[in-house]
$ cat entry_13.tsv   # TSV, C-alpha atoms
chain	number	residue	atom	x	y	z
A	211	MET	CA	149.71	121.45	70.98
A	212	THR	CA	146.61	120.20	72.79
A	213	THR	CA	145.99	120.40	76.50
A	214	PRO	CA	146.10	117.03	78.26
A	215	SER	CA	142.69	115.79	79.30
A	216	VAL	CA	141.44	113.52	82.04
A	217	MET	CA	138.77	110.93	81.44
A	218	ILE	CA	135.83	110.91	83.82
A	219	SER	CA	132.79	108.70	83.93
A	220	PHE	CA	129.25	109.29	85.15
A	221	ARG	CA	125.86	107.73	84.71
A	222	LEU	CA	123.16	108.97	82.35
A	223	THR	CA	119.67	107.74	81.71
A	224	GLU	CA	118.80	106.15	78.39
A	225	GLU	CA	116.74	109.23	77.49
A	226	GLU	CA	119.69	111.54	78.17
A	227	ILE	CA	121.94	109.41	75.96
A	228	LEU	CA	119.34	109.50	73.17
A	229	GLU	CA	119.20	113.31	73.40
A	230	ILE	CA	123.00	113.48	73.24
A	231	ASP	CA	123.04	111.16	70.23
A	232	ARG	CA	120.46	113.36	68.46
A	233	ARG	CA	122.94	116.25	68.55
A	234	ILE	CA	125.80	114.35	66.94
A	235	GLY	CA	126.48	115.67	63.45
A	236	PHE	CA	125.33	119.23	64.16
A	237	ASP	CA	127.65	122.22	64.46
A	238	GLY	CA	130.76	120.09	63.99
A	239	MET	CA	130.02	117.70	66.86
A	240	ARG	CA	131.23	114.29	65.68
A	241	ASN	CA	130.57	112.13	68.72
A	242	ARG	CA	129.20	112.03	72.28
A	243	THR	CA	132.41	113.47	73.68
A	244	ASP	CA	132.11	116.55	71.45
A	245	VAL	CA	128.48	117.05	72.52
A	246	LEU	CA	129.27	116.68	76.22
A	247	ARG	CA	132.41	118.83	76.01
A	248	ARG	CA	130.45	121.65	74.33
A	249	SER	CA	127.73	121.34	76.97
A	250	VAL	CA	130.28	121.57	79.77
A	251	HIS	CA	131.95	124.61	78.14
A	252	ARG	CA	128.59	126.34	77.75
A	253	PHE	CA	127.70	125.61	81.37
A	254	LEU	CA	131.07	126.88	82.61
A	255	ASP	CA	130.80	130.04	80.49
A	256	GLN	CA	127.29	130.78	81.72
A	257	THR	CA	128.12	130.26	85.37
A	258	ALA	CA	131.54	131.94	85.40
A	259	THR	CA	132.01	134.40	88.24
A	260	SER	CA	135.24	136.06	87.22
A	261	GLY	CA	135.31	139.01	84.87
A	262	GLU	CA	132.72	141.68	84.33
A	263	GLY	CA	131.08	140.35	81.20
A	264	LYS	CA	127.81	138.52	81.03
A	265	VAL	CA	127.11	135.51	78.86
A	266	ILE	CA	123.87	135.71	76.90
A	267	THR	CA	122.59	132.82	74.83
A	268	VAL	CA	120.52	133.72	71.79
A	269	ASP	CA	118.66	131.18	69.70
A	270	VAL	CA	118.78	132.16	66.03
A	271	GLY	CA	116.72	130.78	63.19
A	272	THR	CA	118.04	128.82	60.24
A	273	SER	CA	118.37	131.78	57.88
A	274	LEU	CA	120.22	133.97	60.40
A	275	ASN	CA	122.46	131.04	61.26
A	276	GLU	CA	123.35	130.71	57.56
A	277	GLU	CA	124.06	134.45	57.35
A	278	LEU	CA	126.36	134.18	60.36
A	279	LYS	CA	128.22	131.31	58.68
A	280	VAL	CA	128.70	133.44	55.55
A	281	LEU	CA	130.08	136.31	57.64
A	282	GLU	CA	132.48	133.94	59.34
A	283	GLU	CA	133.65	132.40	56.06
A	284	LEU	CA	133.99	135.63	54.07
A	285	ARG	CA	135.04	138.14	56.71
A	286	LYS	CA	136.28	135.91	59.56
A	287	ILE	CA	133.68	137.54	61.84
A	288	THR	CA	132.51	135.24	64.60
A	289	PRO	CA	128.85	135.18	65.65
A	290	GLU	CA	129.89	136.85	68.91
A	291	GLN	CA	131.64	139.69	67.03
A	292	ALA	CA	128.61	140.11	64.75
A	293	ALA	CA	126.31	140.29	67.78
A	294	ILE	CA	128.50	142.88	69.50
A	295	ALA	CA	128.65	145.00	66.33
A	296	GLY	CA	124.90	144.70	65.83
A	297	ILE	CA	124.14	145.70	69.39
A	298	GLY	CA	126.50	148.67	69.07
A	299	LEU	CA	124.83	149.84	65.87
A	300	TYR	CA	121.36	149.41	67.34
A	301	TYR	CA	122.37	151.37	70.45
A	302	GLU	CA	123.66	154.21	68.27
A	303	GLN	CA	120.40	154.23	66.28
A	304	VAL	CA	118.21	154.31	69.39
A	305	THR	CA	120.24	157.03	71.09
A	306	ALA	CA	120.17	159.14	67.89
A	307	GLU	CA	116.37	158.82	67.83
A	308	ILE	CA	116.15	159.85	71.49
A	309	ILE	CA	118.37	162.89	70.88
A	310	ALA	CA	116.34	163.88	67.80
A	311	ARG	CA	113.07	163.65	69.75
A	312	ARG	CA	114.50	165.67	72.62
A	313	GLU	CA	115.74	168.37	70.27
A	314	ALA	CA	112.36	168.46	68.48
A	315	GLY	CA	110.62	168.80	71.83
A	316	LEU	CA	112.91	171.63	72.91
A	317	GLY	CA	112.33	173.37	69.58
A	318	LEU	CA	108.58	173.11	70.07
A	319	VAL	CA	108.83	174.53	73.59
A	320	GLN	CA	110.92	177.45	72.29
A	321	LYS	CA	108.41	178.11	69.49
A	322	ILE	CA	105.48	178.11	71.93
A	323	ALA	CA	107.37	180.43	74.25
A	324	ALA	CA	108.11	182.84	71.39
A	325	ASP	CA	104.51	182.75	70.12
A	326	THR	CA	102.94	183.42	73.50
A	327	LYS	CA	104.69	186.50	74.82
A	328	HIS	CA	103.22	187.62	78.07
A	329	GLU	CA	102.24	191.20	78.70
A	330	ASP	CA	101.92	192.46	82.19
A	331	HIS	CA	98.42	193.73	82.92
A	332	THR	CA	98.50	196.57	85.37
A	333	GLU	CA	95.80	199.07	86.09

$ encode --input "entry_13.tsv" --output "structure tokens"
Amino acid sequence: MTTPSVMISFRLTEEEILEIDRRIGFDGMRNRTDVLRRSVHRFLDQTATSGEGKVITVDVGTSLNEELKVLEELRKITPEQAAIAGIGLYYEQVTAEIIARREAGLGLVQKIAADTKHEDHTE
């Protein structure tokens, strides 16, 4: 069941209408209404004040866009889910590198300390 909608009207310049028309046929947008509705949804998502999340828009190239479509078709993974998983994996990788460097640094400090034993010089 669809949610009832209300029709509104507003003025646009000829250039704005041409830009809207250029987007028809992409990403499932079949007409001006689809283009404008998606634009309004994006605007509302990006300016939402409730909740603790943050909306981030990422432009992806053609090949990555195709890979995201394959993921969605084969595994039912949305681009948002893929981005969240990718960020999580990258975070794990970076933190593992930081921990490894810290442990290597501590090992080096311990080796230097062991190699340079101090003897008290008293006369």

$ axis_aligned_box --input "entry_13.tsv" --around "region 237-246 of chain A" --padding-each-side "5 Å" --output "AutoDock Vina command-line options"
--center_x 130.0 --center_y 117.1 --center_z 70.1 --size_x 14.8 --size_y 20.2 --size_z 22.2

$ atom_distance --input "entry_13.tsv" --atom1 "CA of Ala293 (chain A)" --atom2 "CA of Glu307 (chain A)"
21.0 Å

$ atom_distance --input "entry_13.tsv" --atom1 "CA of Val280 (chain A)" --atom2 "CA of Leu254 (chain A)"
27.9 Å

$ closest_residue --input "entry_13.tsv" --among "A:Val268, A:Met217, A:Ala323, A:Ala310" --to "Arg247 (chain A)" --atoms "all atoms listed in the file"
A:Met217

$ atom_distance --input "entry_13.tsv" --atom1 "CA of Glu276 (chain A)" --atom2 "CA of Gln256 (chain A)"
24.5 Å

$ closest_residue --input "entry_13.tsv" --among "A:Phe236, A:Phe253, A:Phe220, A:Tyr300" --to "Thr267 (chain A)" --atoms "all atoms listed in the file"
A:Phe253

$ decode --input "entry_13.tsv" --residues "region 234-322 of chain A" --atoms "C-alpha atoms" --output "CSV table (one decimal), in the first residue's frame"
chain,number,residue,atom,x,y,z
A,234,ILE,CA,15.6,11.1,-16.5
A,235,GLY,CA,16.5,7.5,-17.4
A,236,PHE,CA,19.3,7.1,-14.9
A,237,ASP,CA,19.2,5.1,-11.7
A,238,GLY,CA,15.6,4.1,-12.3
A,239,MET,CA,14.2,7.6,-12.6
A,240,ARG,CA,11.5,7.5,-15.2
A,241,ASN,CA,10.2,11.1,-15.2
A,242,ARG,CA,10.6,14.6,-13.7
A,243,THR,CA,8.6,13.5,-10.6
A,244,ASP,CA,11.1,10.7,-9.8
A,245,VAL,CA,14.0,13.1,-10.2
A,246,LEU,CA,12.5,15.7,-8.0
A,247,ARG,CA,11.3,13.2,-5.4
A,248,ARG,CA,14.8,11.7,-5.2
A,249,SER,CA,16.3,15.2,-4.8
A,250,VAL,CA,13.9,16.0,-2.0
A,251,HIS,CA,14.6,12.7,-0.2
A,252,ARG,CA,18.4,13.3,-0.5
A,253,PHE,CA,18.0,16.9,0.8
A,254,LEU,CA,15.8,15.7,3.7
A,255,ASP,CA,18.3,12.9,4.6
A,256,GLN,CA,21.3,15.3,4.5
A,257,THR,CA,19.6,17.9,6.6
A,258,ALA,CA,17.9,15.7,9.1
A,259,THR,CA,18.4,16.7,12.8
A,260,SER,CA,17.0,13.6,14.6
A,261,GLY,CA,19.1,10.6,15.3
A,262,GLU,CA,22.8,10.3,15.8
A,263,GLY,CA,23.9,9.2,12.4
A,264,LYS,CA,25.4,11.3,9.8
A,265,VAL,CA,24.7,11.2,6.1
A,266,ILE,CA,27.7,11.1,3.8
A,267,THR,CA,27.4,11.3,0.1
A,268,VAL,CA,30.1,9.5,-1.9
A,269,ASP,CA,30.5,9.8,-5.6
A,270,VAL,CA,31.7,6.5,-7.1
A,271,GLY,CA,33.0,5.8,-10.5
A,272,THR,CA,31.4,3.7,-13.2
A,273,SER,CA,33.3,0.5,-12.4
A,274,LEU,CA,32.6,0.7,-8.6
A,275,ASN,CA,29.0,1.5,-9.3
A,276,GLU,CA,28.8,-1.7,-11.4
A,277,GLU,CA,30.4,-3.7,-8.6
A,278,LEU,CA,27.9,-2.4,-6.2
A,279,LYS,CA,25.0,-3.4,-8.5
A,280,VAL,CA,26.5,-6.9,-8.7
A,281,LEU,CA,26.6,-7.1,-4.9
A,282,GLU,CA,23.1,-6.0,-4.6
A,283,GLU,CA,21.8,-8.5,-7.2
A,284,LEU,CA,23.8,-11.5,-6.0
A,285,ARG,CA,23.9,-10.9,-2.2
A,286,LYS,CA,21.1,-8.4,-1.7
A,287,ILE,CA,23.7,-6.1,-0.1
A,288,THR,CA,22.8,-2.4,-0.6
A,289,PRO,CA,25.5,0.2,-1.4
A,290,GLU,CA,25.0,1.6,2.2
A,291,GLN,CA,25.6,-1.9,3.7
A,292,ALA,CA,28.7,-2.4,1.5
A,293,ALA,CA,30.1,1.0,2.6
A,294,ILE,CA,29.5,0.2,6.3
A,295,ALA,CA,31.2,-3.2,5.9
A,296,GLY,CA,34.1,-1.7,4.0
A,297,ILE,CA,34.7,1.1,6.5
A,298,GLY,CA,34.6,-1.5,9.3
A,299,LEU,CA,37.1,-3.7,7.6
A,300,TYR,CA,39.4,-0.7,6.9
A,301,TYR,CA,39.1,0.5,10.5
A,302,GLU,CA,40.2,-3.0,11.7
A,303,GLN,CA,43.1,-3.0,9.3
A,304,VAL,CA,44.3,0.4,10.4
A,305,THR,CA,44.0,-0.3,14.1
A,306,ALA,CA,45.9,-3.6,13.7
A,307,GLU,CA,48.7,-1.8,12.0
A,308,ILE,CA,48.8,0.8,14.8
A,309,ILE,CA,48.9,-2.0,17.4
A,310,ALA,CA,51.7,-3.8,15.5
A,311,ARG,CA,53.8,-0.6,15.3
A,312,ARG,CA,53.3,0.1,19.0
A,313,GLU,CA,54.3,-3.4,19.9
A,314,ALA,CA,57.4,-3.2,17.6
A,315,GLY,CA,58.3,0.1,19.2
A,316,LEU,CA,57.9,-1.3,22.7
A,317,GLY,CA,60.0,-4.4,21.8
A,318,LEU,CA,62.8,-2.1,20.5
A,319,VAL,CA,62.7,0.0,23.7
A,320,GLN,CA,63.0,-3.2,25.7
A,321,LYS,CA,65.9,-4.5,23.6
A,322,ILE,CA,67.8,-1.2,23.9
